[in-house]
Amino acid sequence: MPARTGQQYMDGLSNHPAEVWIGGEKVKDVTTHPAFQNGVRSLASLYDMQHDPATRDEMTFKSPSSGEPVGLSFIVPKTVADLERRRRMMTNWAWESCGMMARTPDFLNSAVSGWAGSSDYFIDNRPEFKKNVERYHEYIRENDLTLTHTLVNLQRSRNHTIFDNIEDNVALTVVDKNSDGIVVHGSRILATLGPISDEIAVYPTRTHLLGDAAKRQAFSFALPCATPGMKFVCRESLDMGRSNFDHPLGARFEEMDALVFFDDVLVPWERVFLLGDVDMCNNYSNATSSTAHTGQQVANRTIVKTEFLLGLTSLMAETLGSTQIPHVQERIGEIVVYLETLKACVRASEADAKPNKWGVMCPAQGPLSAARTLFSGTMYPRMAEIVQLLGSSSLMALPAEADFDTPIAPELERYLGTESSGAKDRVRLFHLAWDVACSAFGGRQVLYERFFGGDPVRNTMLMYQGYNKQPAMGRVTRFLEREG
């Protein structure tokens with residue numbers, strides 16, 4: 001199958017339903033359930049872009065095995081031009097949700113493509129794992145599947161070191177091996193997009209390292225989401241069932257986060273990529289440069305999201321007639337600084353890209369890590385605050401769309417209009433601002449951006465530990481030794 005359409009994506013979810021629970025209810029079909037259906041439709045629109053004559057050429061490339069057009073996020077980049085082309089594709093998808101859907105399929109597609117291009121790494125664990133990775137990449141590429149992932153084990157108590165506190169009865173653990181594969185039991189968090197995905201990738205993350213004794217928790221594999229014994233347990237939906245006017249983001253872009261429980265789930269050997277080697281599991285994301293490839297998607301999405309917030313806050317100021325007020329200009333100017341910083345990081349990552357030892361062209365990790373750290377810890381929480389500060393009481397003076405179809409509509413028009421905007425347009429805009437910075441959807445966005453990349457303290461520690469500080473130290477030492 002070449003690049004899928006949106007309808008083919010939805011048919012796949014209906015025909016192969018995962019076990020999904022929400023609010024005490026077992027979901028029959030996520031494509032029609034009110035908690036999920038609008039998120040499904042938003043993802044479907046991404047797949048339809050692969051067939052739209054206006055965007056098709058930027059969204060696909062020719063499959064190396066079938067010759068058919070397949071999604072461009074599956075490319076194994078060999079040149080900087082490949083990275084730039086993939087980035088343009090990612091930009092098109094990111095703008096469909098204004099950057100609000102973070103785990104669109106291009107994120108994990110680029111990760112698995114990084115593994116496949118560096119598949120020789122997996123030989124040192126078991127020779128057959130190299131072929132497993134390559135075949136899996138081809139399978140998801142040729143079938144254009146949507147992936148979720150789950151990286152972190154639940155912990156009853158936190159460890160004070162950089163290693164997770166692993167308990168066999170809670171963490172996802174290998175409990176058996178047989179001729180068919182491995183059997184795993186336990187729990188993982190947090191599968192964003194999980195209930196509306198085709199497949200789930202399960203692997204460790206560099207921000208939650210495994211200790212030497214965690215051999216039974218050291219693995220990487222992938223499974224269909226509809227695998228027997230696997231359950232997705234969801235938080236409450238942020239889609240309130242309201243109109244696109246009242247909840248313009250929440251009513252469209254609920255990507256859902258879920259716990260994943262594994263009840264003696266069989267993972268066939270052909271779906272296993274790493275097993276039992278703690279060091280290889282801790283190191284493989286860096287060794288295969290998969291974090292650099294996903295980092296390109298992350299940083300590019302944050303550019304789109306920041307540009308969206310620049311447009312939103314500028315329209316808010318224009319609507320309220322406050323564009324000439326100095327502190328308004330200062331706050332929106334702050335967003336401009338964030339936007340240009342993020343754009344520079346992505347450009348630097350491509351300009352300094354280098355092929356790894358297996359010939360895969362990889363964006364430079366440093367600028368991408370800096371962009372992620374700045375965005376998650378500083379930029380996005382601050383931009384949400386700026387929306388609140390600029391909106392002030394207008395964020396709560398918000399009649400519903402239905403109010404404009406009642407006898408009070410003339411009064412709404414009289415009292416809520418501004419010099420540059422009619423009442424309904426003003427209210428529509430500030431419903432959007434509310435959904436960005438004040439609603440449950442907006443609150444989840446801030447929380448997600450803070451923590452989606454793992455513990456921010458650990459991330460910064462890893463940057464400190466991995467960054468070559470010797471050149472800078474040497475320059476200071478040479479200055480101190482300078483005479484005269």
# chains A, B, ... in the order shown; residues from 1 in each chain; ligands from 1

call {"tool": "select_by_dssp", "arguments": {"residues": "stretch 145-321 of chain A", "states": "strand (DSSP E)", "output": "PyMOL selection string"}}
result
chain A and resi 147-150+173-177+181-188+199-202+219-224+230-234+258-268+272-275

call {"tool": "closest_atom_pairs", "arguments": {"of": "stretch 166-246 of chain A", "to": "stretch 253-266 of chain A", "cutoff": "9 Å", "atoms": "only C-alpha atoms", "output": "JSON lines"}}
result
{"residue": "A:Leu172", "atom": "CA", "partner": "A:Phe262", "partner_atom": "CA", "distance": 7.4}
{"residue": "A:Val174", "atom": "CA", "partner": "A:Asp264", "partner_atom": "CA", "distance": 8.9}
{"residue": "A:Val175", "atom": "CA", "partner": "A:Asp264", "partner_atom": "CA", "distance": 7.7}
{"residue": "A:Asp176", "atom": "CA", "partner": "A:Asp264", "partner_atom": "CA", "distance": 8.7}
{"residue": "A:Asp180", "atom": "CA", "partner": "A:Leu266", "partner_atom": "CA", "distance": 8.0}
{"residue": "A:Gly181", "atom": "CA", "partner": "A:Leu266", "partner_atom": "CA", "distance": 6.4}
{"residue": "A:Ile182", "atom": "CA", "partner": "A:Leu266", "partner_atom": "CA", "distance": 5.8}
{"residue": "A:Val183", "atom": "CA", "partner": "A:Leu266", "partner_atom": "CA", "distance": 4.5}
{"residue": "A:Val184", "atom": "CA", "partner": "A:Asp264", "partner_atom": "CA", "distance": 5.3}
{"residue": "A:His185", "atom": "CA", "partner": "A:Asp264", "partner_atom": "CA", "distance": 4.8}
{"residue": "A:Gly186", "atom": "CA", "partner": "A:Phe262", "partner_atom": "CA", "distance": 5.3}
{"residue": "A:Ser187", "atom": "CA", "partner": "A:Phe261", "partner_atom": "CA", "distance": 4.6}
{"residue": "A:Arg188", "atom": "CA", "partner": "A:Val260", "partner_atom": "CA", "distance": 5.3}
{"residue": "A:Ile189", "atom": "CA", "partner": "A:Leu259", "partner_atom": "CA", "distance": 5.1}
{"residue": "A:Leu190", "atom": "CA", "partner": "A:Leu259", "partner_atom": "CA", "distance": 5.5}
{"residue": "A:Ala191", "atom": "CA", "partner": "A:Ala258", "partner_atom": "CA", "distance": 5.1}
{"residue": "A:Thr192", "atom": "CA", "partner": "A:Asp257", "partner_atom": "CA", "distance": 4.2}
{"residue": "A:Leu193", "atom": "CA", "partner": "A:Glu255", "partner_atom": "CA", "distance": 4.9}
{"residue": "A:Gly194", "atom": "CA", "partner": "A:Ala258", "partner_atom": "CA", "distance": 6.5}
{"residue": "A:Pro195", "atom": "CA", "partner": "A:Met256", "partner_atom": "CA", "distance": 7.3}
{"residue": "A:Ile196", "atom": "CA", "partner": "A:Glu255", "partner_atom": "CA", "distance": 7.9}
{"residue": "A:Thr227", "atom": "CA", "partner": "A:Val265", "partner_atom": "CA", "distance": 7.7}
{"residue": "A:Pro228", "atom": "CA", "partner": "A:Val265", "partner_atom": "CA", "distance": 6.9}
{"residue": "A:Gly229", "atom": "CA", "partner": "A:Asp263", "partner_atom": "CA", "distance": 4.9}
{"residue": "A:Met230", "atom": "CA", "partner": "A:Phe262", "partner_atom": "CA", "distance": 4.7}
{"residue": "A:Lys231", "atom": "CA", "partner": "A:Phe261", "partner_atom": "CA", "distance": 5.1}
{"residue": "A:Phe232", "atom": "CA", "partner": "A:Val260", "partner_atom": "CA", "distance": 4.8}
{"residue": "A:Val233", "atom": "CA", "partner": "A:Leu259", "partner_atom": "CA", "distance": 5.0}
{"residue": "A:Cys234", "atom": "CA", "partner": "A:Ala258", "partner_atom": "CA", "distance": 4.3}
{"residue": "A:Arg235", "atom": "CA", "partner": "A:Ala258", "partner_atom": "CA", "distance": 6.3}
{"residue": "A:Glu236", "atom": "CA", "partner": "A:Met256", "partner_atom": "CA", "distance": 8.5}
{"residue": "A:Ser237", "atom": "CA", "partner": "A:Met256", "partner_atom": "CA", "distance": 7.0}
{"residue": "A:Leu238", "atom": "CA", "partner": "A:Glu254", "partner_atom": "CA", "distance": 6.3}
{"residue": "A:Asp239", "atom": "CA", "partner": "A:Glu254", "partner_atom": "CA", "distance": 6.2}

call {"tool": "residues_around", "arguments": {"residues": "A:Cys438", "least_positions_apart": "3", "cutoff": "9 Å", "atoms": "only C-alpha atoms", "output": "list in words"}}
result
Ala384, Gln388, Leu395, Ala433, Trp434, Asp435, Phe441, Gly442 and Gly443 of chain A

call {"tool": "write_last_selection", "arguments": {"atoms": "N, CA and C atoms", "output": "PDB file, in the first residue's frame"}}
result
ATOM      1  N   ALA A 384       2.356  31.237  27.098  1.00  0.00           N
ATOM      2  CA  ALA A 384       1.003  31.056  27.618  1.00  0.00           C
ATOM      3  C   ALA A 384       0.667  32.166  28.612  1.00  0.00           C
ATOM      4  N   GLN A 388      -2.269  35.262  28.561  1.00  0.00           N
ATOM      5  CA  GLN A 388      -3.122  35.637  29.692  1.00  0.00           C
ATOM      6  C   GLN A 388      -2.996  37.116  30.013  1.00  0.00           C
ATOM      7  N   LEU A 395     -10.492  37.437  28.208  1.00  0.00           N
ATOM      8  CA  LEU A 395     -10.456  35.985  28.183  1.00  0.00           C
ATOM      9  C   LEU A 395     -11.624  35.369  28.946  1.00  0.00           C
ATOM     10  N   ALA A 433      -7.817  32.200  22.200  1.00  0.00           N
ATOM     11  CA  ALA A 433      -6.811  32.545  23.208  1.00  0.00           C
ATOM     12  C   ALA A 433      -7.074  31.804  24.512  1.00  0.00           C
ATOM     13  N   TRP A 434      -8.346  31.671  24.893  1.00  0.00           N
ATOM     14  CA  TRP A 434      -8.698  30.915  26.101  1.00  0.00           C
ATOM     15  C   TRP A 434      -8.256  29.457  25.966  1.00  0.00           C
ATOM     16  N   ASP A 435      -8.489  28.880  24.798  1.00  0.00           N
ATOM     17  CA  ASP A 435      -8.124  27.477  24.587  1.00  0.00           C
ATOM     18  C   ASP A 435      -6.611  27.289  24.594  1.00  0.00           C
ATOM     19  N   PHE A 441      -7.549  22.139  27.865  1.00  0.00           N
ATOM     20  CA  PHE A 441      -6.670  21.850  26.734  1.00  0.00           C
ATOM     21  C   PHE A 441      -5.390  22.670  26.838  1.00  0.00           C
ATOM     22  N   GLY A 442      -5.535  23.955  27.143  1.00  0.00           N
ATOM     23  CA  GLY A 442      -4.364  24.818  27.269  1.00  0.00           C
ATOM     24  C   GLY A 442      -3.468  24.413  28.417  1.00  0.00           C
ATOM     25  N   GLY A 443      -4.056  24.005  29.540  1.00  0.00           N
ATOM     26  CA  GLY A 443      -3.262  23.547  30.675  1.00  0.00           C
ATOM     27  C   GLY A 443      -2.469  22.303  30.340  1.00  0.00           C
TER      28      GLY A 443
END

call {"tool": "residues_around", "arguments": {"residues": "stretch 408-419 of chain A", "least_positions_apart": "3", "cutoff": "9 Å", "atoms": "only C-alpha atoms", "output": "number ranges by chain"}}
result
A: 319-321, 397, 399, 403-405, 422-427

call {"tool": "write_last_selection", "arguments": {"atoms": "N, CA and C atoms", "output": "PDB file, in the first residue's frame"}}
result
ATOM      1  N   THR A 319      -7.093  43.789  17.959  1.00  0.00           N
ATOM      2  CA  THR A 319      -8.529  43.802  18.242  1.00  0.00           C
ATOM      3  C   THR A 319      -8.862  44.709  19.417  1.00  0.00           C
ATOM      4  N   LEU A 320      -7.997  44.707  20.426  1.00  0.00           N
ATOM      5  CA  LEU A 320      -8.244  45.524  21.615  1.00  0.00           C
ATOM      6  C   LEU A 320      -7.715  46.951  21.476  1.00  0.00           C
ATOM      7  N   GLY A 321      -7.075  47.245  20.359  1.00  0.00           N
ATOM      8  CA  GLY A 321      -6.541  48.597  20.159  1.00  0.00           C
ATOM      9  C   GLY A 321      -5.363  48.925  21.048  1.00  0.00           C
ATOM     10  N   ALA A 397     -14.719  37.374  29.219  1.00  0.00           N
ATOM     11  CA  ALA A 397     -15.929  37.986  28.653  1.00  0.00           C
ATOM     12  C   ALA A 397     -16.256  37.254  27.366  1.00  0.00           C
ATOM     13  N   PRO A 399     -19.116  35.064  25.662  1.00  0.00           N
ATOM     14  CA  PRO A 399     -20.375  34.374  25.362  1.00  0.00           C
ATOM     15  C   PRO A 399     -20.108  33.179  24.447  1.00  0.00           C
ATOM     16  N   ASP A 403     -25.058  31.962  21.861  1.00  0.00           N
ATOM     17  CA  ASP A 403     -25.643  33.226  22.321  1.00  0.00           C
ATOM     18  C   ASP A 403     -25.888  34.200  21.177  1.00  0.00           C
ATOM     19  N   PHE A 404     -25.153  34.040  20.081  1.00  0.00           N
ATOM     20  CA  PHE A 404     -25.320  34.957  18.958  1.00  0.00           C
ATOM     21  C   PHE A 404     -26.544  34.597  18.109  1.00  0.00           C
ATOM     22  N   ASP A 405     -27.210  33.501  18.463  1.00  0.00           N
ATOM     23  CA  ASP A 405     -28.446  33.117  17.770  1.00  0.00           C
ATOM     24  C   ASP A 405     -29.659  33.262  18.681  1.00  0.00           C
ATOM     25  N   GLY A 422     -15.823  43.254  14.881  1.00  0.00           N
ATOM     26  CA  GLY A 422     -17.176  43.021  15.331  1.00  0.00           C
ATOM     27  C   GLY A 422     -17.186  42.114  16.552  1.00  0.00           C
ATOM     28  N   ALA A 423     -18.323  42.086  17.221  1.00  0.00           N
ATOM     29  CA  ALA A 423     -18.409  41.336  18.472  1.00  0.00           C
ATOM     30  C   ALA A 423     -18.132  39.849  18.263  1.00  0.00           C
ATOM     31  N   LYS A 424     -18.732  39.255  17.243  1.00  0.00           N
ATOM     32  CA  LYS A 424     -18.580  37.810  17.060  1.00  0.00           C
ATOM     33  C   LYS A 424     -17.137  37.450  16.705  1.00  0.00           C
ATOM     34  N   ASP A 425     -16.499  38.256  15.875  1.00  0.00           N
ATOM     35  CA  ASP A 425     -15.095  37.996  15.539  1.00  0.00           C
ATOM     36  C   ASP A 425     -14.202  38.152  16.767  1.00  0.00           C
ATOM     37  N   ARG A 426     -14.496  39.155  17.589  1.00  0.00           N
ATOM     38  CA  ARG A 426     -13.721  39.330  18.821  1.00  0.00           C
ATOM     39  C   ARG A 426     -13.874  38.113  19.733  1.00  0.00           C
ATOM     40  N   VAL A 427     -15.108  37.692  19.929  1.00  0.00           N
ATOM     41  CA  VAL A 427     -15.350  36.561  20.825  1.00  0.00           C
ATOM     42  C   VAL A 427     -14.709  35.294  20.275  1.00  0.00           C
TER      43      VAL A 427
END

call {"tool": "residues_around", "arguments": {"residues": "A:Asp57", "least_positions_apart": "6", "cutoff": "12 Å", "atoms": "only C-alpha atoms", "output": "PDB file with N, CA and C atoms, in the first residue's frame"}}
result
ATOM      1  N   ALA A   3       1.291   5.627   0.155  1.00  0.00           N
ATOM      2  CA  ALA A   3       0.828   6.594   1.157  1.00  0.00           C
ATOM      3  C   ALA A   3      -0.688   6.507   1.315  1.00  0.00           C
ATOM      4  N   MET A  49      -3.378  15.030   2.998  1.00  0.00           N
ATOM      5  CA  MET A  49      -2.438  15.974   2.388  1.00  0.00           C
ATOM      6  C   MET A  49      -1.463  15.272   1.462  1.00  0.00           C
ATOM      7  N   GLN A  50      -1.248  13.973   1.682  1.00  0.00           N
ATOM      8  CA  GLN A  50      -0.339  13.215   0.825  1.00  0.00           C
ATOM      9  C   GLN A  50      -0.925  12.987  -0.568  1.00  0.00           C
ATOM     10  N   HIS A  51      -2.205  13.273  -0.729  1.00  0.00           N
ATOM     11  CA  HIS A  51      -2.894  13.063  -2.007  1.00  0.00           C
ATOM     12  C   HIS A  51      -3.426  14.358  -2.603  1.00  0.00           C
ATOM     13  N   PRO A  69       4.643   6.124  -4.155  1.00  0.00           N
ATOM     14  CA  PRO A  69       4.845   7.257  -3.245  1.00  0.00           C
ATOM     15  C   PRO A  69       4.538   6.859  -1.802  1.00  0.00           C
ATOM     16  N   VAL A  70       5.469   7.140  -0.912  1.00  0.00           N
ATOM     17  CA  VAL A  70       5.291   6.856   0.512  1.00  0.00           C
ATOM     18  C   VAL A  70       5.608   8.122   1.298  1.00  0.00           C
ATOM     19  N   GLY A  71       5.195   8.140   2.566  1.00  0.00           N
ATOM     20  CA  GLY A  71       5.358   9.338   3.384  1.00  0.00           C
ATOM     21  C   GLY A  71       6.813   9.741   3.532  1.00  0.00           C
ATOM     22  N   LEU A  72       7.081  11.031   3.371  1.00  0.00           N
ATOM     23  CA  LEU A  72       8.450  11.522   3.376  1.00  0.00           C
ATOM     24  C   LEU A  72       9.124  11.414   4.741  1.00  0.00           C
ATOM     25  N   ARG A  85      14.256  18.738   2.964  1.00  0.00           N
ATOM     26  CA  ARG A  85      13.008  18.286   2.346  1.00  0.00           C
ATOM     27  C   ARG A  85      12.081  17.684   3.404  1.00  0.00           C
ATOM     28  N   ARG A  86      12.645  16.877   4.294  1.00  0.00           N
ATOM     29  CA  ARG A  86      11.835  16.302   5.363  1.00  0.00           C
ATOM     30  C   ARG A  86      11.276  17.395   6.273  1.00  0.00           C
ATOM     31  N   ARG A  88      10.439  20.441   5.467  1.00  0.00           N
ATOM     32  CA  ARG A  88       9.303  21.104   4.809  1.00  0.00           C
ATOM     33  C   ARG A  88       8.039  20.251   4.933  1.00  0.00           C
ATOM     34  N   MET A  89       8.206  18.944   4.802  1.00  0.00           N
ATOM     35  CA  MET A  89       7.056  18.053   4.982  1.00  0.00           C
ATOM     36  C   MET A  89       6.514  18.167   6.402  1.00  0.00           C
ATOM     37  N   ASN A  92       4.453  21.307   6.947  1.00  0.00           N
ATOM     38  CA  ASN A  92       3.090  21.217   6.425  1.00  0.00           C
ATOM     39  C   ASN A  92       2.173  20.512   7.417  1.00  0.00           C
TER      40      ASN A  92
END

call {"tool": "atom_distance", "arguments": {"atom1": "atom CA of A:Leu223", "atom2": "atom CA of A:Ile200"}}
result
5.5 Å

call {"tool": "closest_atom_pairs", "arguments": {"of": "stretch 338-375 of chain A", "to": "stretch 111-133 of chain A", "cutoff": "9 Å", "atoms": "only C-alpha atoms", "output": "Markdown table"}}
result
| residue | atom | partner | partner_atom | distance |
| --- | --- | --- | --- | --- |
| A:Asn356 | CA | A:Ser118 | CA | 8.3 |
| A:Lys357 | CA | A:Ser118 | CA | 8.2 |
| A:Trp358 | CA | A:Ser118 | CA | 5.7 |
| A:Gly359 | CA | A:Gly117 | CA | 7.8 |
| A:Val360 | CA | A:Gly117 | CA | 6.0 |
| A:Cys362 | CA | A:Gly114 | CA | 8.6 |

call {"tool": "write_last_selection", "arguments": {"atoms": "N, CA and C atoms", "output": "PDB file, in the first residue's frame"}}
result
ATOM      1  N   ASN A 356      26.496   9.924  10.108  1.00  0.00           N
ATOM      2  CA  ASN A 356      27.038   9.095  11.182  1.00  0.00           C
ATOM      3  C   ASN A 356      27.885   7.973  10.571  1.00  0.00           C
ATOM      4  N   LYS A 357      28.372   7.050  11.383  1.00  0.00           N
ATOM      5  CA  LYS A 357      29.309   6.026  10.904  1.00  0.00           C
ATOM      6  C   LYS A 357      28.683   5.094   9.882  1.00  0.00           C
ATOM      7  N   TRP A 358      27.332   5.108   9.779  1.00  0.00           N
ATOM      8  CA  TRP A 358      26.657   4.251   8.806  1.00  0.00           C
ATOM      9  C   TRP A 358      26.137   5.047   7.615  1.00  0.00           C
ATOM     10  N   GLY A 359      26.523   6.313   7.518  1.00  0.00           N
ATOM     11  CA  GLY A 359      26.180   7.108   6.343  1.00  0.00           C
ATOM     12  C   GLY A 359      24.842   7.799   6.391  1.00  0.00           C
ATOM     13  N   VAL A 360      24.181   7.801   7.545  1.00  0.00           N
ATOM     14  CA  VAL A 360      22.909   8.513   7.686  1.00  0.00           C
ATOM     15  C   VAL A 360      23.195   9.972   8.021  1.00  0.00           C
ATOM     16  N   CYS A 362      22.654  13.206   9.774  1.00  0.00           N
ATOM     17  CA  CYS A 362      21.977  13.477  11.041  1.00  0.00           C
ATOM     18  C   CYS A 362      22.093  14.959  11.387  1.00  0.00           C
TER      19      CYS A 362
END

call {"tool": "select_by_dssp", "arguments": {"residues": "stretch 77-243 of chain A", "states": "alpha helix (DSSP H)", "output": "VMD selection string"}}
result
chain A and resid 80 to 96 106 to 117 127 to 143

call {"tool": "write_last_selection", "arguments": {"atoms": "N, CA and C atoms", "output": "CSV table (one decimal), in the first residue's frame"}}
result
chain,number,residue,atom,x,y,z
A,80,VAL,N,22.1,16.7,3.3
A,80,VAL,CA,21.4,17.8,4.0
A,80,VAL,C,20.1,18.2,3.2
A,81,ALA,N,20.1,18.0,1.9
A,81,ALA,CA,18.9,18.3,1.1
A,81,ALA,C,17.8,17.4,1.6
A,82,ASP,N,18.1,16.2,1.9
A,82,ASP,CA,17.1,15.3,2.4
A,82,ASP,C,16.5,15.8,3.7
A,83,LEU,N,17.4,16.3,4.6
A,83,LEU,CA,16.9,16.9,5.9
A,83,LEU,C,16.0,18.1,5.6
A,84,GLU,N,16.4,18.9,4.7
A,84,GLU,CA,15.6,20.1,4.4
A,84,GLU,C,14.2,19.7,3.8
A,85,ARG,N,14.3,18.7,3.0
A,85,ARG,CA,13.0,18.3,2.3
A,85,ARG,C,12.1,17.7,3.4
A,86,ARG,N,12.6,16.9,4.3
A,86,ARG,CA,11.8,16.3,5.4
A,86,ARG,C,11.3,17.4,6.3
A,87,ARG,N,12.1,18.4,6.5
A,87,ARG,CA,11.6,19.5,7.4
A,87,ARG,C,10.4,20.2,6.8
A,88,ARG,N,10.4,20.4,5.5
A,88,ARG,CA,9.3,21.1,4.8
A,88,ARG,C,8.0,20.3,4.9
A,89,MET,N,8.2,18.9,4.8
A,89,MET,CA,7.1,18.1,5.0
A,89,MET,C,6.5,18.2,6.4
A,90,MET,N,7.4,18.1,7.4
A,90,MET,CA,7.0,18.3,8.8
A,90,MET,C,6.3,19.6,9.1
A,91,THR,N,6.8,20.6,8.4
A,91,THR,CA,6.1,22.0,8.6
A,91,THR,C,4.7,21.9,8.1
A,92,ASN,N,4.5,21.3,6.9
A,92,ASN,CA,3.1,21.2,6.4
A,92,ASN,C,2.2,20.5,7.4
A,93,TRP,N,2.6,19.4,8.0
A,93,TRP,CA,1.8,18.7,9.0
A,93,TRP,C,1.6,19.5,10.2
A,94,ALA,N,2.7,20.2,10.7
A,94,ALA,CA,2.6,20.9,12.0
A,94,ALA,C,1.6,22.0,11.9
A,95,TRP,N,1.5,22.7,10.7
A,95,TRP,CA,0.6,23.8,10.6
A,95,TRP,C,-0.9,23.4,10.6
A,96,GLU,N,-1.1,22.1,10.2
A,96,GLU,CA,-2.5,21.6,10.3
A,96,GLU,C,-3.1,21.7,11.7
A,106,ASP,N,5.0,11.8,12.0
A,106,ASP,CA,6.3,12.1,11.5
A,106,ASP,C,7.3,11.9,12.6
A,107,PHE,N,6.9,12.1,13.9
A,107,PHE,CA,7.9,12.0,15.0
A,107,PHE,C,8.5,10.6,15.1
A,108,LEU,N,7.7,9.6,15.2
A,108,LEU,CA,8.2,8.2,15.3
A,108,LEU,C,8.6,7.7,14.0
A,109,ASN,N,8.0,8.1,12.9
A,109,ASN,CA,8.5,7.7,11.6
A,109,ASN,C,10.0,8.0,11.4
A,110,SER,N,10.4,9.2,11.9
A,110,SER,CA,11.8,9.6,11.7
A,110,SER,C,12.7,8.9,12.7
A,111,ALA,N,12.2,8.5,13.9
A,111,ALA,CA,12.9,7.7,14.8
A,111,ALA,C,13.3,6.3,14.2
A,112,VAL,N,12.2,5.6,13.8
A,112,VAL,CA,12.4,4.3,13.2
A,112,VAL,C,13.3,4.3,12.0
A,113,SER,N,13.2,5.4,11.2
A,113,SER,CA,14.0,5.5,10.0
A,113,SER,C,15.5,5.7,10.4
A,114,GLY,N,15.7,6.4,11.5
A,114,GLY,CA,17.1,6.5,12.1
A,114,GLY,C,17.6,5.2,12.5
A,115,TRP,N,16.8,4.4,13.2
A,115,TRP,CA,17.2,3.0,13.6
A,115,TRP,C,17.6,2.2,12.3
A,116,ALA,N,16.7,2.2,11.3
A,116,ALA,CA,16.9,1.4,10.1
A,116,ALA,C,18.2,1.8,9.4
A,117,GLY,N,18.5,3.1,9.3
A,117,GLY,CA,19.7,3.5,8.6
A,117,GLY,C,20.9,3.1,9.4
A,127,PRO,N,22.5,-10.8,16.0
A,127,PRO,CA,22.6,-10.6,14.5
A,127,PRO,C,21.3,-10.4,13.8
A,128,GLU,N,20.2,-11.2,14.3
A,128,GLU,CA,19.0,-11.1,13.6
A,128,GLU,C,18.2,-9.8,13.9
A,129,PHE,N,18.6,-9.1,14.9
A,129,PHE,CA,17.9,-7.8,15.3
A,129,PHE,C,18.1,-6.8,14.2
A,130,LYS,N,19.2,-6.8,13.5
A,130,LYS,CA,19.5,-5.9,12.4
A,130,LYS,C,18.4,-6.0,11.3
A,131,LYS,N,18.1,-7.2,10.9
A,131,LYS,CA,17.1,-7.5,9.9
A,131,LYS,C,15.7,-7.1,10.5
A,132,ASN,N,15.5,-7.4,11.8
A,132,ASN,CA,14.2,-7.1,12.4
A,132,ASN,C,13.9,-5.6,12.2
A,133,VAL,N,14.9,-4.8,12.5
A,133,VAL,CA,14.7,-3.3,12.5
A,133,VAL,C,14.4,-2.9,11.0
A,134,GLU,N,15.2,-3.4,10.1
A,134,GLU,CA,15.1,-3.0,8.7
A,134,GLU,C,13.7,-3.4,8.2
A,135,ARG,N,13.3,-4.7,8.5
A,135,ARG,CA,12.0,-5.1,8.0
A,135,ARG,C,10.8,-4.3,8.6
A,136,TYR,N,11.0,-4.0,9.9
A,136,TYR,CA,9.9,-3.2,10.5
A,136,TYR,C,9.8,-1.8,9.9
A,137,HIS,N,10.9,-1.2,9.6
A,137,HIS,CA,10.9,0.1,9.0
A,137,HIS,C,10.2,0.0,7.6
A,138,GLU,N,10.5,-1.0,6.8
A,138,GLU,CA,9.9,-1.2,5.5
A,138,GLU,C,8.4,-1.4,5.7
A,139,TYR,N,8.0,-2.2,6.7
A,139,TYR,CA,6.6,-2.5,6.9
A,139,TYR,C,5.8,-1.3,7.2
A,140,ILE,N,6.3,-0.5,8.2
A,140,ILE,CA,5.5,0.7,8.5
A,140,ILE,C,5.5,1.7,7.4
A,141,ARG,N,6.6,1.8,6.6
A,141,ARG,CA,6.7,2.7,5.5
A,141,ARG,C,5.7,2.3,4.4
A,142,GLU,N,5.7,1.0,4.0
A,142,GLU,CA,4.9,0.6,2.9
A,142,GLU,C,3.4,0.5,3.3
A,143,ASN,N,3.1,0.5,4.6
A,143,ASN,CA,1.7,0.5,5.0
A,143,ASN,C,1.3,1.8,5.6

call {"tool": "atom_distance", "arguments": {"atom1": "atom CA of A:Asn15", "atom2": "atom CA of A:Glu58"}}
result
29.6 Å

call {"tool": "closest_residue", "arguments": {"among": "A:Met473, A:Val202, A:Leu145, A:Ala292", "to": "A:Pro355", "atoms": "only C-alpha atoms"}}
result
A:Ala292

call {"tool": "closest_residue", "arguments": {"among": "A:Ala213, A:Ala226, A:Val337, A:Leu374", "to": "A:Asp279", "atoms": "only C-alpha atoms"}}
result
A:Ala213

call {"tool": "closest_residue", "arguments": {"among": "A:Ala201, A:Ala102, A:Cys225, A:Ala299", "to": "A:Glu19", "atoms": "only C-alpha atoms"}}
result
A:Cys225
